[in-house]
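Undergrad: So here's coords-v5.pdb, just PDB, C-alpha atoms:
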MODEL        1
ATOM      1  CA  MET N   1      13.604 -36.173 -19.068
ATOM      2  CA  ASP N   2      13.961 -37.722 -15.642
ATOM      3  CA  GLY N   3      13.446 -35.374 -12.711
ATOM      4  CA  LYS N   4      12.348 -38.241 -10.450
ATOM      5  CA  ARG N   5      14.433 -36.987  -7.555
ATOM      6  CA  ILE N   6      12.674 -33.620  -7.635
ATOM      7  CA  GLN N   7       9.275 -35.301  -7.960
ATOM      8  CA  GLU N   8       9.917 -37.573  -4.996
ATOM      9  CA  TYR N   9      11.332 -34.744  -2.913
ATOM     10  CA  LEU N  10       8.419 -32.359  -3.568
ATOM     11  CA  SER N  11       5.896 -35.140  -3.055
ATOM     12  CA  LYS N  12       7.308 -35.730   0.425
ATOM     13  CA  GLU N  13       7.270 -31.982   1.069
ATOM     14  CA  ALA N  14       3.582 -31.823   0.100
ATOM     15  CA  LYS N  15       2.773 -34.773   2.366
ATOM     16  CA  ALA N  16       4.677 -33.087   5.189
ATOM     17  CA  LEU N  17       2.649 -29.901   4.716
ATOM     18  CA  LEU N  18      -0.599 -31.881   4.885
ATOM     19  CA  THR N  19       0.618 -33.714   7.969
ATOM     20  CA  VAL N  20       1.412 -30.460   9.774
ATOM     21  CA  TYR N  21      -2.087 -29.188   8.987
ATOM     22  CA  ARG N  22      -3.714 -32.374  10.278
ATOM     23  CA  GLN N  23      -1.691 -32.024  13.482
ATOM     24  CA  PHE N  24      -3.291 -28.592  13.962
ATOM     25  CA  GLN N  25      -6.702 -30.228  13.664
ATOM     26  CA  THR N  26      -5.643 -32.958  16.065
ATOM     27  CA  LEU N  27      -4.682 -30.457  18.763
ATOM     28  CA  LEU N  28      -7.706 -28.177  18.226
ATOM     29  CA  PRO N  29     -10.487 -30.382  16.782
ATOM     30  CA  ALA N  30     -13.987 -29.229  15.911
ATOM     31  CA  ASP N  31     -16.943 -31.323  17.024
ATOM     32  CA  ASN N  32     -18.329 -33.524  14.230
ATOM     33  CA  GLU N  33     -16.482 -31.622  11.529
ATOM     34  CA  ASP N  34     -13.272 -32.040   9.529
ATOM     35  CA  ALA N  35     -11.774 -28.780  10.743
ATOM     36  CA  ALA N  36     -10.068 -27.093  13.634
ATOM     37  CA  TYR N  37     -12.073 -25.681  16.541
ATOM     38  CA  HIS N  38     -11.781 -22.037  15.460
ATOM     39  CA  LYS N  39     -12.615 -21.677  11.758
ATOM     40  CA  GLY N  40     -10.992 -18.246  11.416
ATOM     41  CA  GLU N  41      -7.723 -19.495  12.855
ATOM     42  CA  ASP N  42      -8.054 -22.611  10.693
ATOM     43  CA  GLY N  43      -8.017 -20.446   7.564
ATOM     44  CA  ARG N  44      -5.188 -18.217   8.737
ATOM     45  CA  TYR N  45      -3.115 -21.258   9.659
ATOM     46  CA  ILE N  46      -3.477 -22.619   6.126
ATOM     47  CA  GLU N  47      -2.405 -19.255   4.682
ATOM     48  CA  SER N  48       0.659 -19.394   6.919
ATOM     49  CA  LEU N  49       1.467 -22.940   5.799
ATOM     50  CA  ILE N  50       1.281 -22.057   2.100
ATOM     51  CA  SER N  51       3.210 -18.820   2.640
ATOM     52  CA  GLU N  52       6.019 -20.550   4.536
ATOM     53  CA  TYR N  53       6.201 -23.240   1.850
ATOM     54  CA  LEU N  54       6.635 -20.637  -0.888
ATOM     55  CA  LYS N  55       9.240 -18.686   1.114
ATOM     56  CA  ARG N  56      11.443 -21.768   1.272
ATOM     57  CA  TYR N  57      11.797 -22.008  -2.502
ATOM     58  CA  LEU N  58      11.350 -18.562  -4.012
ATOM     59  CA  PRO N  59      14.287 -16.214  -4.725
ATOM     60  CA  LYS N  60      15.127 -13.894  -1.829
ATOM     61  CA  ASP N  61      14.113 -10.909  -3.968
ATOM     62  CA  LEU N  62      10.513 -12.041  -3.512
ATOM     63  CA  GLU N  63       8.438 -11.632  -0.366
ATOM     64  CA  VAL N  64       5.264 -13.557   0.406
ATOM     65  CA  LEU N  65       2.849 -11.002   1.850
ATOM     66  CA  THR N  66      -0.854 -10.324   2.358
ATOM     67  CA  GLY N  67      -2.941  -7.191   1.838
ATOM     68  CA  PHE N  68      -3.954  -4.861  -0.970
ATOM     69  CA  ILE N  69      -2.789  -3.579  -4.357
ATOM     70  CA  LEU N  70      -3.145   0.190  -4.882
ATOM     71  CA  ARG N  71      -2.924   1.493  -8.443
ATOM     72  CA  PRO N  72      -2.470   5.271  -8.223
ATOM     73  CA  ALA N  73      -3.347   7.381 -11.240
ATOM     74  CA  VAL N  74       0.081   8.992 -11.474
ATOM     75  CA  LYS N  75       2.992   9.241 -13.858
ATOM     76  CA  THR N  76       5.279   6.192 -14.095
ATOM     77  CA  GLY N  77       8.785   5.830 -15.517
ATOM     78  CA  ILE N  78      10.315   9.143 -16.604
ATOM     79  CA  ASN N  79       7.233  10.550 -18.317
ATOM     80  CA  ASN N  80       4.741   7.726 -18.866
ATOM     81  CA  ARG N  81       1.257   9.278 -18.600
ATOM     82  CA  ALA N  82      -0.759   6.225 -19.610
ATOM     83  CA  ARG N  83      -2.881   6.587 -16.440
ATOM     84  CA  LYS N  84      -3.769  10.249 -16.958
ATOM     85  CA  LYS N  85      -7.470   9.443 -17.485
ATOM     86  CA  ASP N  86      -7.633   6.918 -14.628
ATOM     87  CA  GLU N  87      -8.573   7.248 -10.972
ATOM     88  CA  ASP N  88      -6.775   5.834  -7.944
ATOM     89  CA  THR N  89      -7.996   2.228  -7.570
ATOM     90  CA  HIS N  90      -7.347  -0.597  -5.106
ATOM     91  CA  SER N  91      -8.038  -4.315  -4.897
ATOM     92  CA  THR N  92     -10.026  -6.285  -2.367
ATOM     93  CA  GLN N  93      -7.996  -7.882   0.428
ATOM     94  CA  LEU N  94      -5.755 -10.585  -1.053
ATOM     95  CA  ASP N  95      -4.644 -13.701   0.820
ATOM     96  CA  ILE N  96      -1.153 -13.957  -0.676
ATOM     97  CA  ILE N  97       0.774 -11.397  -2.719
ATOM     98  CA  VAL N  98       4.180 -12.499  -3.998
ATOM     99  CA  TYR N  99       6.029  -9.206  -4.339
ATOM    100  CA  ASP N 100       9.416  -8.132  -5.711
ATOM    101  CA  SER N 101      10.375  -5.911  -2.769
ATOM    102  CA  CYS N 102      14.021  -5.932  -3.858
ATOM    103  CA  HIS N 103      13.230  -3.697  -6.833
ATOM    104  CA  TYR N 104       9.920  -2.018  -5.939
ATOM    105  CA  PRO N 105       8.804   0.060  -2.946
ATOM    106  CA  ILE N 106       5.852  -0.590  -0.611
ATOM    107  CA  PHE N 107       3.325   2.076   0.352
ATOM    108  CA  GLN N 108       2.575   0.746   3.809
ATOM    109  CA  ARG N 109       3.611  -2.268   5.859
ATOM    110  CA  PHE N 110       2.539  -3.762   9.171
ATOM    111  CA  GLY N 111       4.509  -6.977   9.472
ATOM    112  CA  ASN N 112       3.446  -9.050   6.455
ATOM    113  CA  ASN N 113       0.323  -6.923   5.865
ATOM    114  CA  VAL N 114       0.985  -4.446   3.086
ATOM    115  CA  ILE N 115      -0.375  -2.014   0.546
ATOM    116  CA  VAL N 116       1.739  -2.236  -2.615
ATOM    117  CA  PRO N 117       1.862  -0.658  -6.086
ATOM    118  CA  PRO N 118       1.076  -3.048  -8.943
ATOM    119  CA  GLU N 119       4.433  -3.010 -10.740
ATOM    120  CA  GLY N 120       6.145  -5.330  -8.258
ATOM    121  CA  VAL N 121       3.338  -7.903  -7.963
ATOM    122  CA  ILE N 122       4.552 -11.291  -9.247
ATOM    123  CA  ALA N 123       1.667 -13.507  -8.094
ATOM    124  CA  ILE N 124      -1.709 -13.332  -6.360
ATOM    125  CA  ILE N 125      -3.003 -16.452  -4.618
ATOM    126  CA  SER N 126      -6.354 -17.146  -2.977
ATOM    127  CA  VAL N 127      -6.193 -19.667  -0.114
ATOM    128  CA  LYS N 128      -9.084 -21.721   1.255
ATOM    129  CA  LYS N 129      -9.390 -24.427   3.858
ATOM    130  CA  LYS N 130     -12.006 -26.095   1.651
ATOM    131  CA  PHE N 131     -13.333 -25.098  -1.758
ATOM    132  CA  GLY N 132     -17.097 -24.588  -1.595
ATOM    133  CA  GLN N 133     -19.779 -24.600  -4.267
ATOM    134  CA  ASN N 134     -19.493 -20.893  -5.105
ATOM    135  CA  ASP N 135     -15.811 -20.284  -4.401
ATOM    136  CA  PHE N 136     -14.497 -20.976  -7.899
ATOM    137  CA  LYS N 137     -16.491 -18.308  -9.710
ATOM    138  CA  ASN N 138     -16.246 -15.699  -6.939
ATOM    139  CA  GLU N 139     -12.526 -16.107  -6.317
ATOM    140  CA  THR N 140     -11.725 -16.193 -10.038
ATOM    141  CA  GLU N 141     -13.585 -12.915 -10.482
ATOM    142  CA  ALA N 142     -11.646 -11.330  -7.609
ATOM    143  CA  LEU N 143      -8.304 -12.553  -8.963
ATOM    144  CA  LYS N 144      -9.097 -11.282 -12.452
ATOM    145  CA  ASN N 145     -10.003  -7.825 -11.146
ATOM    146  CA  ALA N 146      -6.819  -7.647  -9.074
ATOM    147  CA  ALA N 147      -4.754  -8.676 -12.106
ATOM    148  CA  LYS N 148      -6.299  -5.878 -14.203
ATOM    149  CA  LEU N 149      -4.853  -3.370 -11.726
ATOM    150  CA  CYS N 150      -1.411  -4.749 -12.584
ATOM    151  CA  ARG N 151      -1.618  -4.054 -16.315
ATOM    152  CA  TYR N 152       1.122  -1.768 -17.508
ATOM    153  CA  SER N 153       3.392  -1.021 -20.445
ATOM    154  CA  THR N 154       6.848   0.523 -20.497
ATOM    155  CA  GLU N 155       7.437   3.949 -21.985
ATOM    156  CA  SER N 156       8.565   2.208 -25.164
ATOM    157  CA  GLY N 157       5.137   0.542 -25.345
ATOM    158  CA  GLU N 158       6.168  -3.009 -24.397
ATOM    159  CA  LYS N 159       3.499  -4.812 -22.405
ATOM    160  CA  VAL N 160       4.831  -6.303 -19.173
ATOM    161  CA  ARG N 161       3.683  -9.779 -18.203
ATOM    162  CA  GLY N 162       1.046  -9.745 -15.486
ATOM    163  CA  PRO N 163       1.094 -11.641 -12.178
ATOM    164  CA  PHE N 164       0.454 -15.366 -11.886
ATOM    165  CA  LEU N 165      -2.975 -16.135 -10.401
ATOM    166  CA  GLY N 166      -3.714 -19.174  -8.256
ATOM    167  CA  MET N 167      -6.264 -20.755  -5.936
ATOM    168  CA  VAL N 168      -5.259 -23.403  -3.408
ATOM    169  CA  ALA N 169      -7.127 -25.415  -0.768
ATOM    170  CA  MET N 170      -6.505 -28.409   1.467
ATOM    171  CA  HIS N 171      -9.903 -29.958   0.718
ATOM    172  CA  SER N 172     -12.673 -29.458  -1.818
ATOM    173  CA  ILE N 173     -16.268 -30.137  -2.668
ATOM    174  CA  GLU N 174     -16.238 -33.203  -4.921
ATOM    175  CA  LYS N 175     -18.570 -34.070  -7.788
ATOM    176  CA  VAL N 176     -19.978 -37.520  -8.553
ATOM    177  CA  ARG N 177     -21.621 -37.265 -11.980
ATOM    178  CA  THR N 178     -18.585 -35.646 -13.564
ATOM    179  CA  SER N 179     -14.941 -35.234 -12.629
ATOM    180  CA  THR N 180     -14.322 -32.331 -10.284
ATOM    181  CA  PRO N 181     -11.668 -30.686 -12.559
ATOM    182  CA  GLU N 182     -14.169 -30.689 -15.464
ATOM    183  CA  TRP N 183     -16.839 -29.160 -13.235
ATOM    184  CA  VAL N 184     -14.416 -26.531 -11.905
ATOM    185  CA  PHE N 185     -13.476 -25.477 -15.442
ATOM    186  CA  GLU N 186     -17.147 -24.955 -16.291
ATOM    187  CA  GLN N 187     -17.478 -22.733 -13.209
ATOM    188  CA  ILE N 188     -14.609 -20.404 -14.125
ATOM    189  CA  LYS N 189     -15.158 -20.298 -17.896
ATOM    190  CA  PRO N 190     -18.048 -17.741 -17.819
ATOM    191  CA  VAL N 191     -15.921 -15.277 -15.810
ATOM    192  CA  TYR N 192     -13.868 -14.440 -18.904
ATOM    193  CA  ASN N 193     -15.134 -12.470 -21.854
ATOM    194  CA  CYS N 194     -13.196 -11.136 -24.836
ATOM    195  CA  ALA N 195     -15.685  -8.285 -25.046
ATOM    196  CA  GLU N 196     -14.397  -7.100 -21.660
ATOM    197  CA  ASN N 197     -10.821  -7.186 -22.959
ATOM    198  CA  ASP N 198      -9.779 -10.025 -20.623
ATOM    199  CA  THR N 199      -6.239 -11.166 -21.393
ATOM    200  CA  PHE N 200      -4.358 -14.429 -20.958
ATOM    201  CA  ASP N 201      -2.510 -13.061 -17.910
ATOM    202  CA  GLU N 202      -5.848 -12.323 -16.230
ATOM    203  CA  ALA N 203      -7.023 -15.937 -16.503
ATOM    204  CA  VAL N 204      -6.351 -17.946 -13.341
ATOM    205  CA  GLY N 205      -3.205 -20.070 -13.727
ATOM    206  CA  VAL N 206      -3.886 -22.924 -11.328
ATOM    207  CA  ILE N 207      -6.666 -24.144  -9.072
ATOM    208  CA  THR N 208      -5.586 -26.988  -6.825
ATOM    209  CA  ASN N 209      -6.941 -29.103  -4.023
ATOM    210  CA  ILE N 210      -3.588 -30.346  -2.735
ATOM    211  CA  GLU N 211      -4.973 -33.686  -1.629
ATOM    212  CA  GLY N 212      -6.936 -34.487  -4.741
ATOM    213  CA  TRP N 213      -6.706 -32.641  -8.076
ATOM    214  CA  SER N 214      -5.383 -29.682 -10.065
ATOM    215  CA  VAL N 215      -6.610 -27.498 -12.931
ATOM    216  CA  PHE N 216      -3.727 -25.824 -14.788
ATOM    217  CA  LYS N 217      -3.562 -23.224 -17.588
ATOM    218  CA  ARG N 218      -1.144 -23.934 -20.411
ATOM    219  CA  ARG N 219       0.725 -21.025 -21.935
ATOM    220  CA  PRO N 220      -0.158 -20.702 -25.641
ATOM    221  CA  THR N 221       2.378 -21.081 -28.420
ATOM    222  CA  GLY N 222       2.569 -19.270 -31.743
ATOM    223  CA  ASN N 223      -0.452 -17.144 -32.583
ATOM    224  CA  ASN N 224      -2.885 -19.071 -30.379
ATOM    225  CA  THR N 225      -5.213 -16.651 -28.587
ATOM    226  CA  LYS N 226      -6.979 -19.181 -26.361
ATOM    227  CA  ALA N 227      -6.096 -20.252 -22.833
ATOM    228  CA  GLU N 228      -6.171 -24.053 -22.714
ATOM    229  CA  TYR N 229      -6.854 -25.683 -19.353
ATOM    230  CA  ILE N 230      -5.863 -29.222 -18.395
ATOM    231  CA  GLY N 231      -6.897 -31.277 -15.373
ATOM    232  CA  PHE N 232      -5.210 -33.848 -13.156
ATOM    233  CA  ILE N 233      -6.469 -36.267 -10.529
ATOM    234  CA  HIS N 234      -3.570 -36.698  -8.108
ATOM    235  CA  LYS N 235      -2.499 -40.322  -7.856
ATOM    236  CA  THR N 236      -0.439 -41.772  -5.022
ATOM    237  CA  ASN N 237       2.742 -39.726  -4.565
ATOM    238  CA  GLU N 238       1.408 -36.961  -6.834
ATOM    239  CA  GLU N 239       0.485 -34.598  -4.006
ATOM    240  CA  HIS N 240       3.280 -32.366  -5.265
ATOM    241  CA  PHE N 241       1.382 -31.467  -8.463
ATOM    242  CA  GLY N 242      -0.493 -28.478  -7.057
ATOM    243  CA  LEU N 243       2.497 -26.993  -5.240
ATOM    244  CA  GLN N 244       4.716 -27.483  -8.292
ATOM    245  CA  PHE N 245       2.171 -25.692 -10.456
ATOM    246  CA  LEU N 246       2.265 -22.757  -8.009
ATOM    247  CA  LEU N 247       6.050 -22.569  -8.067
ATOM    248  CA  THR N 248       6.196 -23.012 -11.852
ATOM    249  CA  GLY N 249       3.748 -20.170 -12.433
ATOM    250  CA  ILE N 250       5.407 -17.758 -10.018
ATOM    251  CA  LEU N 251       8.888 -18.373 -11.386
ATOM    252  CA  SER N 252       7.711 -18.095 -14.998
ATOM    253  CA  VAL N 253       6.496 -14.550 -14.301
ATOM    254  CA  TYR N 254       9.539 -13.569 -12.252
ATOM    255  CA  TYR N 255      11.957 -14.682 -14.997
ATOM    256  CA  ASP N 256       9.862 -13.461 -17.925
ATOM    257  CA  PRO N 257      11.976 -11.244 -20.266
ATOM    258  CA  THR N 258       9.494  -8.381 -19.996
ATOM    259  CA  ARG N 259      10.247  -8.241 -16.261
ATOM    260  CA  ASN N 260      13.937  -7.557 -16.883
ATOM    261  CA  VAL N 261      13.311  -3.967 -17.981
ATOM    262  CA  ARG N 262      12.330  -2.104 -14.823
ATOM    263  CA  GLU N 263      10.975   1.421 -14.790
ATOM    264  CA  ARG N 264      10.139   3.619 -11.839
ATOM    265  CA  PRO N 265       6.685   2.708 -10.492
ATOM    266  CA  GLY N 266       3.877   5.154  -9.854
ATOM    267  CA  PHE N 267       4.746   5.937  -6.245
ATOM    268  CA  THR N 268       4.665   9.699  -5.703
ATOM    269  CA  ALA N 269       2.086  12.352  -6.576
ATOM    270  CA  PHE N 270       1.914  16.164  -6.490
ATOM    271  CA  PRO N 271      -1.101  18.449  -7.097
ATOM    272  CA  SER N 272      -1.761  18.785 -10.803
ATOM    273  CA  GLY N 273      -0.822  22.177 -12.194
ATOM    274  CA  ARG N 274       0.819  23.310  -8.934
ATOM    275  CA  ASP N 275       3.291  26.125  -9.676
ATOM    276  CA  ALA N 276       6.423  26.769  -7.661
ATOM    277  CA  ASP N 277       6.280  29.595  -5.165
ATOM    278  CA  PHE N 278       9.759  30.803  -6.142
ATOM    279  CA  VAL N 279      12.154  30.529  -9.091
ATOM    280  CA  LEU N 280      15.439  30.607  -7.202
ATOM    281  CA  GLY N 281      18.005  30.764 -10.027
ATOM    282  CA  GLU N 282      20.440  28.497 -11.876
ATOM    283  CA  ILE N 283      23.874  26.967 -11.350
ATOM    284  CA  PRO N 284      26.314  25.834 -14.097
ATOM    285  CA  ILE N 285      26.763  22.079 -14.773
ATOM    286  CA  ASN N 286      28.917  20.006 -17.140
ATOM    287  CA  GLY N 287      26.263  17.597 -18.488
ATOM    288  CA  LEU N 288      23.623  15.221 -17.173
ATOM    289  CA  ARG N 289      25.957  12.208 -16.741
TER     290      ARG N 289
ENDMDL
END
Please go through the file and, once you have read it, give me the structure as structure tokens.
TA:
Amino acid sequence: MDGKRIQEYLSKEAKALLTVYRQFQTLLPADNEDAAYHKGEDGRYIESLISEYLKRYLPKDLEVLTGFILRPAVKTGINNRARKKDEDTHSTQLDIIVYDSCHYPIFQRFGNNVIVPPEGVIAIISVKKKFGQNDFKNETEALKNAAKLCRYSTESGEKVRGPFLGMVAMHSIEKVRTSTPEWVFEQIKPVYNCAENDTFDEAVGVITNIEGWSVFKRRPTGNNTKAEYIGFIHKTNEEHFGLQFLLTGILSVYYDPTRNVRERPGFTAFPSGRDADFVLGEIPINGLR
């Protein structure tokens, strides 16, 4: 396969994104530090850059938002009571939520800040200005827990593919005695445990320092039950690797066959056992359809 035109195009797009970020630092520099003057704004600016990048390429059905996932313990579909023993649960605040707002409702919205039900979540992405020593384990744990809220099966029992999970930064701590991708893999590996019923979908899909390297999860084939991770050091003109991995993962979930069968999400709730105050009577009908 060729694809060189796409590679060259996306490489230039990645370089352009990095250039725009550096211009922000140029206008608002921090003293003796590779950052902008206001660290909070620095981080929010990077989130905006990544969000705007994704919006340019994702289908219009998908919105790039920020906020929380709320999993209510209510009936889904027509009569799916799989959550009857659960309690209402929500995630921590999430940097980027890629959400199918064309087909699923939103509980609350203030601009791009939302609270959404899990059924429409296509991807969850953690964004950092710079990966630190402890970020990999902590962020992987948070992503895994958010993904568990998105577990669901249709009324016929088919498991629906979970959201794509990613971590992205402009810069990163770098290791000398070993390659950084190898070190990163060793940091995230202990987060997952078969005894805790962790699934493939709940394993982070990509971790990328746009300037330097990427760690990517391969999808298994056949009866393989292990998530294999591969690492890349970005060579010249390979800055597009990390952003391509993000797009690849998001689109693979969005177009997954299990996502084609949509059922009503858990969005409304009434008091359990509440009886009607009146039985008002009946009217004749000629069938349900």
Undergrad: Decode the PyMOL selection byres ((chain N and resi 253-259) around 9) for the given file into explicit residues and return them as a list of chain:residue names.
TA: N:Leu62, N:Asp100, N:Ile122, N:Ala123, N:Glu158, N:Lys159, N:Val160, N:Arg161, N:Gly162, N:Pro163, N:Phe164, N:Thr248, N:Gly249, N:Ile250, N:Leu251, N:Ser252, N:Asn260, N:Val261, N:Arg262
Undergrad: Report the distance between atom CA of Tyr192 of chain N and atom CA of Ser156 of chain N in Å, rounded to one decimal place.
TA: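 Rounded to one decimal, the two atoms are 28.6 Å apart.
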Undergrad: To verify the selection step, state as an mmCIF file with C-alpha atoms, in the frame of the given file which residues the PyMOL selection byres ((chain N and resi 78) around 9) yields on this input.
TA:
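The result, written out as out-v7.cif:
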data_model
loop_
_atom_site.group_PDB
_atom_site.id
_atom_site.type_symbol
_atom_site.label_atom_id
_atom_site.label_comp_id
_atom_site.auth_asym_id
_atom_site.auth_seq_id
_atom_site.Cartn_x
_atom_site.Cartn_y
_atom_site.Cartn_z
ATOM 1 C CA LYS N 75 2.992 9.241 -13.858
ATOM 2 C CA THR N 76 5.279 6.192 -14.095
ATOM 3 C CA GLY N 77 8.785 5.830 -15.517
ATOM 4 C CA ASN N 79 7.233 10.550 -18.317
ATOM 5 C CA ASN N 80 4.741 7.726 -18.866
ATOM 6 C CA GLU N 155 7.437 3.949 -21.985
ATOM 7 C CA GLU N 263 10.975 1.421 -14.790
ATOM 8 C CA ARG N 264 10.139 3.619 -11.839
#
Undergrad: Please write the residues picked by the PyMOL selection byres ((chain N and resi 165) around 8) on this file as a ChimeraX atom specification.
TA: /N:123-125,143,147,163-164,166-167,202-206
Undergrad: What's the 12 Å shell around Arg109 of chain N, counting all atoms listed in the file, without same-chain residues fewer than 4 positions away, as a list in words?
TA: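 Within the cut-off, the hits are Leu65, Thr66, Gly67, Phe68, Ser101, Pro105, Asn113, Val114, Ile115 and Val116 of chain N.
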Undergrad: In Å, how far is it from atom CA of Ser48 of chain N to atom CA of Ile173 of chain N?
TA: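 Pair atom CA of Ser48 of chain N / atom CA of Ile173 of chain N returns 22.2 Å.
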Undergrad: Using atom CA of Leu28 of chain N and atom CA of Asp42 of chain N as the two end points, give the distance in Å to one decimal.
TA: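 Between atom CA of Leu28 of chain N and atom CA of Asp42 of chain N the gap is 9.4 Å.
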Undergrad: Hey, what's within 12 Å of Pro190 of chain N if we count only C-alpha atoms and toss same-chain stuff fewer than 6 positions away? As a ChimeraX atom specification, please?
TA: /N:136-138,140-141,184,196,198,203
Undergrad: Excluding segment 215-222 of chain N and residues on its chain fewer than 6 positions from it, collect all residues at most 8 Å away from it, counting all atoms listed in the file, and give them as a VMD selection string.
TA: chain N and resid 181 184 to 185 204 to 208 228 to 232 245
Undergrad: Would you list the residues near (7.1, -34.7, -7.0) (no more than 7 Å away, in the coordinates of the file, using only C-alpha atoms) as a ChimeraX atom specification?
TA: /N:6-11,238,240-241
Undergrad: Using only C-alpha atoms, pick whichever of N:Lys12, N:Arg71, N:Lys144, N:Lys129 has the shortest atom-to-atom distance to Asp88 of chain N.
TA: N:Arg71
Undergrad: Counting all atoms listed in the file, what is within 9 Å of Ile69 of chain N, bar same-chain residues fewer than 2 positions away, as JSON, numbers by chain?
TA: {"N": [67, 71, 89, 90, 91, 92, 93, 94, 97, 114, 115, 116, 117, 118, 121, 146, 149, 150]}
Undergrad: Rank nothing, just name the residue among N:Ala73, N:Leu17, N:Val98, N:Leu27 nearest to Leu247 of chain N, using all atoms listed in the file.
TA: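 Using all atoms listed in the file, Leu247 of chain N sits closest to N:Val98.
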Undergrad: Hey, could you pull the box centre and edge lengths for segment 211-229 of chain N, axis-aligned, 5 Å padding per side, all listed atoms, to one decimal in Å, as lines of an AutoDock Vina configuration file?
TA:
center_x = -2.2
center_y = -25.6
center_z = -17.1
size_x = 19.5
size_y = 27.8
size_z = 41.0
